Structures are given as C-alpha cells and as structure tokens.
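Everything below concerns the one structure shown next.
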Amino acid sequence: MAYKRLDGRSNDEMRPIKAKVNVVPNADGSAMFSIGDTIAIAAVYGPKKMHPQHQQDPEKGVLRCTYNMNSFSVSDRIRPGPSRRSMEISKITEWALSPVVMLKKYPGSVVDVHINIIQADAGTRCAGINAASMALAHAGIPMKELVSSISVGKMDKTIVLDLDKYEDSDFEEGEGSTDIPISMTGDGKLTHIQLDGKIDKKQLKEGIKMAKKACEEIHEIQKKALKETIKK
Amino acid sequence: MTDRKIVIPGEVIVKGDDYLPGEWTEKTEKGIISLRYGLAEETKRLVKVIPLSGVYHPRRGNVVIGKVENVTYNGWVINIGSEDNAFLSLMEVPRFVNKDALEEVMNIGDSAVVKVWGVNRRGIDLSLKSRGLGKIEEGMIIEINPYKVPRVIGKEGSMIKIIKEETGCNITVGQNGFVWIKGDKIENELLAKKAILFVTKKSFVSGLTDEVIKWFKENKKESKK
C-alpha cells in the first residue's frame, strides 16, 4: 500500500533548507545548516598545535570533530554531556570529512570542528556534516571537495528521502522504518554511509541514487552560501 | 586588474590543458580545481587561488605583534596567532638583560612588536633587532583577519598613511592581523580603530582609498556636531 507523507512532501522531496556562513565571530570558520526543523551550527578552530602531545601526528594534521546535541534541542530534555551516541556521531563525522581535507602541510597540528545541534528533528548527523564541511571551507582549510549529506529511508516498502522525527522513529506500520544517512562529495563519491535496519540490495541502490540527486542540490546551496558572504 | 572570481573547494576554475595549476589549485581530469575558499586569479597561463581566511602563516621577515605566554631561562615564548608558538631568544634582544630577572624586561601578558627571524620544523624564531620593534607600553591592540592586512596597508602603504594622517595616531600593522594603535587622545585611537574595521568590512570594494577619505569626512562632521 502506498503512503502519503505527513507533511505532504513527495517521496523524493527534502525539507526546506537554509545555509549560512560566518555565524560564530570568534571561530576561524563557522556555518549554520538547517533542514526543516533540524538546525546545526559548526565552528572550526585551527589548524593549531595538537594537545595532548601524544595525539600529534608528525606526518600530517589531524581532524577532530565534536558533535553535541544541546539539552533543549528536543522536546524531552536530554542529559547534557558526551554520550555513547554523540561520541559515535563525532567519529562518523570525522570519517565522512577526512577524505576531502588535506592536512599534509600541518604536521603536529589539529583542526577542531565543534558541531552543535540546537534544534533536532531527525537527520542531525547529516545536518552536522553539511555545516561542518561549509565551516571547514570557510576557515580556509585546504580541501579537495565539499561534502554534502542527506538521509534516505525506507518506510514499510517505499524509499523516501530526508526522514523527519516521526518517519524515522515513530513509524511502525508494516516493516517499520529504516534510516540510511549518506554523505557524498560534490562529484558524487561516497564518503560515508550508515544503515540501521534492513534493506535489500535493489532498494539500497535506488536509495543511493535518490541521495545522489539530493546531495547535488545541497551542494549548490552550500556553494551559494559560501559565495554570498563575500559579495556584501 | 585581472578578473577575479570567488571559488570554493572542488570548484573547476578552468578547463582544458591551456593552463598551469598554481598555488592552492590542482589539476584533475575535470580541469583545474580550487583547493581552498578564496579568489581565483588567472595571470597569463597560470591559475592560482588567493585565500581569504585561515590562520596566520609566518614567513621570514614578517613584522608581527604577539603576547608573551611564558618566560623561560633564556627567552620568551610568544603567541603570534600561528599554529606554533614562537620563541624570542635572549640573544636577539639588543639591550642589557639581567639573566636572573627576564620578567623585568617582558612578563607574561605583555605584548610586543617582533620580527620573524626564521621558520623551521622545530618552531618559529623571533628577533627584536630592528627598528620599530619592542615591547608595547601603551595604546590599544585590535585583531583583524590576517588575510585582510594587505588591504589595510594598501598599495605601498597608501591606506595606512591616510588613516595615520586623518587620526594623528601611530599605527603598526602586524602581518598576523594584530594592529597596534597609539595616539595622544583615546578618541583618535577609537576613530582609527573604526576606520580599520571599516576597511576590513569593505575589503572587496575597488577604489577603497577614495571611499575611506569620504568616510573620514562624514565621520569628522558627526563628531563636530
């Protein structure tokens, strides 16, 4: 049976997106990315000397991401501070971004990326990666490409793009819902894919195709946001 | 002036084999791509990207303004805003220093105008052996984006000369983005600060020197009222 989505979107439609650069005046680079009711703010500091010293890499610089969900970002207050989930997402963000950043010229240094989710409505890690990639570019870090990220999902048997909170965790009809966050570079190379649930090969390919198209759209929005700050 | 356009990392600047990749660019199958956020410039056959943001990269001969972070037995560790801390050795201070009391010359928290004497793998060496260098005793220090320093100074110092003349302040612009303003009156210092911030804000406007002269006229009228 075919479902109609709660907010009236079609299956391959994203929520409205806003992107802005230079939102944290004290950071070396910063960006805000919002998709629907999810808002992420990323701030980049560095390259600076890595501390503690034993984490220094004498061959290249290190990318260090910290993902944090503010306690007021969801309707039930969440306990502030690092959790299993936030530590996992920090690591995931690092892995999604490290293929594009070129830190060969900064041995012994670290680039710190702080991602704060100030409002959450599913898809926070994708919003975080999008914001972080823009903030890194804004901070003048050498990069091969920008990274764009979006989640695709499966609700019962249909593939849908950009799940919101209800579709992600409260939908339980049929097979229930599956969430697949995907990150890509501007030319469509995957840097990160996660899968929480079950999906078959054919549908996964269909989902990736859908994400690819969406990532291209996000890439254009990121590009526009970065270029707009200079024009003024 | 050659045509410049804003580029983001991964963006194709030019296609084909007619061009050579310069600074912060890379040659790929798609063409020459930018590796940094900045302005792309084509001069003859060379394509390069001028960065607009990032931390300060010290170069030999740069005059910078830094803050003393630590005092050791043979010198001072100075933070100049780069990823590495810089070291000012006792040998590079052209005056008598009591070896048992280095903090009498400069203590933690003091600021100084210093020159980058050398950059190597182990760190940055500083020197005080030149004119105009030394500890900062009075005035104010403001921070701007190090990539906007060339605009604040202007062509052959034209911009900074106007600001100096209009405000009557002594201004030292460190290559690392710290600016030291010293005037006889605090109002003049504040006016100089405002002017510098105005320049950094409008750094993409062409014919900026004329604009700054106009800005000074307007601002002086206001203060007279």
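Residue numbering restarts at 1 in every chain; chains get A, B, ... in the order shown in the structure tokens, and ligands count up from 1 in that same order.
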
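Using only C-alpha atoms, the part of chain A that sits within 7 Å of chain B is made up of Asp28, Gly46, Pro47, Lys48, Lys49, Ala137, His138, Ala139, Gly140, Ile141, Pro142, Met143, Lys144, Glu145, Leu146, Lys223 and Lys227 of chain A.
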
Give the strand (DSSP E or B) residues of region 113-168 of chain A, as DSSP finds them on the backbone, and put them as a PDB file with C-alpha atoms, in the first residue's frame.
ATOM      1  CA  VAL A 113      35.347  21.085  14.462  1.00  0.00           C
ATOM      2  CA  HIS A 114      32.608  21.672  17.004  1.00  0.00           C
ATOM      3  CA  ILE A 115      29.109  20.789  15.877  1.00  0.00           C
ATOM      4  CA  ASN A 116      26.148  21.868  17.958  1.00  0.00           C
ATOM      5  CA  ILE A 117      22.609  20.762  17.278  1.00  0.00           C
ATOM      6  CA  ILE A 118      20.353  23.478  18.623  1.00  0.00           C
ATOM      7  CA  GLN A 119      17.121  22.001  17.324  1.00  0.00           C
ATOM      8  CA  MET A 143      40.000  20.627   0.735  1.00  0.00           C
ATOM      9  CA  VAL A 147      30.856  17.176   1.417  1.00  0.00           C
ATOM     10  CA  SER A 148      27.072  17.055   1.294  1.00  0.00           C
ATOM     11  CA  SER A 149      24.981  14.696   3.333  1.00  0.00           C
ATOM     12  CA  ILE A 150      21.380  13.505   3.384  1.00  0.00           C
ATOM     13  CA  SER A 151      19.478  10.584   4.824  1.00  0.00           C
ATOM     14  CA  VAL A 152      17.305   8.257   2.808  1.00  0.00           C
ATOM     15  CA  GLY A 153      14.960   5.804   4.441  1.00  0.00           C
ATOM     16  CA  LYS A 154      12.571   3.010   3.880  1.00  0.00           C
ATOM     17  CA  MET A 155       9.070   3.318   5.291  1.00  0.00           C
ATOM     18  CA  THR A 158       8.785   2.625  -0.037  1.00  0.00           C
ATOM     19  CA  ILE A 159      12.039   4.514  -0.335  1.00  0.00           C
ATOM     20  CA  VAL A 160      11.764   8.099   0.900  1.00  0.00           C
ATOM     21  CA  LEU A 161      14.189  10.983   1.132  1.00  0.00           C
TER      22      LEU A 161
END

- Task: Apply DSSP to the structure's backbone, then extract all residues of region 6-206 of chain B labelled helix (DSSP H, G or I) and return them as a PyMOL selection string.
- Result: chain B and resi 90-92+102-104+146-153+155-167+186-201

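The spacing separating CA of Ile80 (chain B) from CA of Gly118 (chain B) amounts to 13.6 Å.
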
- Query: What does the distance from CA of Val64 (chain B) to CA of Tyr45 (chain A) come to in Å, to one decimal?
  - Reply: 20.8 Å

Contacts of Tyr73 (chain B) at 8 Å (only C-alpha atoms; same-chain gap of 3+ positions) as a compact mmCIF listing (two decimals) with N, CA and C atoms, in the first residue's frame:
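The new file part18.txt reads:
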# COMPACT_ATOMS: atom_id res chain seq x y z
N LYS B 99 70.04 38.27 33.51
CA LYS B 99 69.65 36.89 33.26
C LYS B 99 68.83 36.27 34.37
N ASP B 100 68.90 36.87 35.56
CA ASP B 100 68.14 36.31 36.67
C ASP B 100 66.73 36.89 36.74
N LEU B 102 64.43 37.96 33.79
CA LEU B 102 63.95 38.25 32.44
C LEU B 102 62.59 38.93 32.46

- Query: What lies within 8 Å of Ala135 (chain A) using only C-alpha atoms, ignoring chain neighbours under 5 positions off, as a VMD selection string?
  - Reply: chain A and resid 21 to 22 29 to 31 42 to 44

Once you have the residues from the selection above, write them out as a compact mmCIF listing (two decimals), in the first residue's frame, restricted to C-alpha atoms.
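Final output, again_18.txt:
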# COMPACT_ATOMS: atom_id res chain seq x y z
CA VAL A 21 28.31 31.05 6.73
CA ASN A 22 30.15 33.13 9.34
CA GLY A 29 35.33 29.47 10.30
CA SER A 30 31.70 28.70 11.00
CA ALA A 31 28.44 27.74 9.35
CA ALA A 42 29.51 24.15 13.17
CA ALA A 43 32.58 26.10 14.29
CA VAL A 44 36.13 25.39 13.14
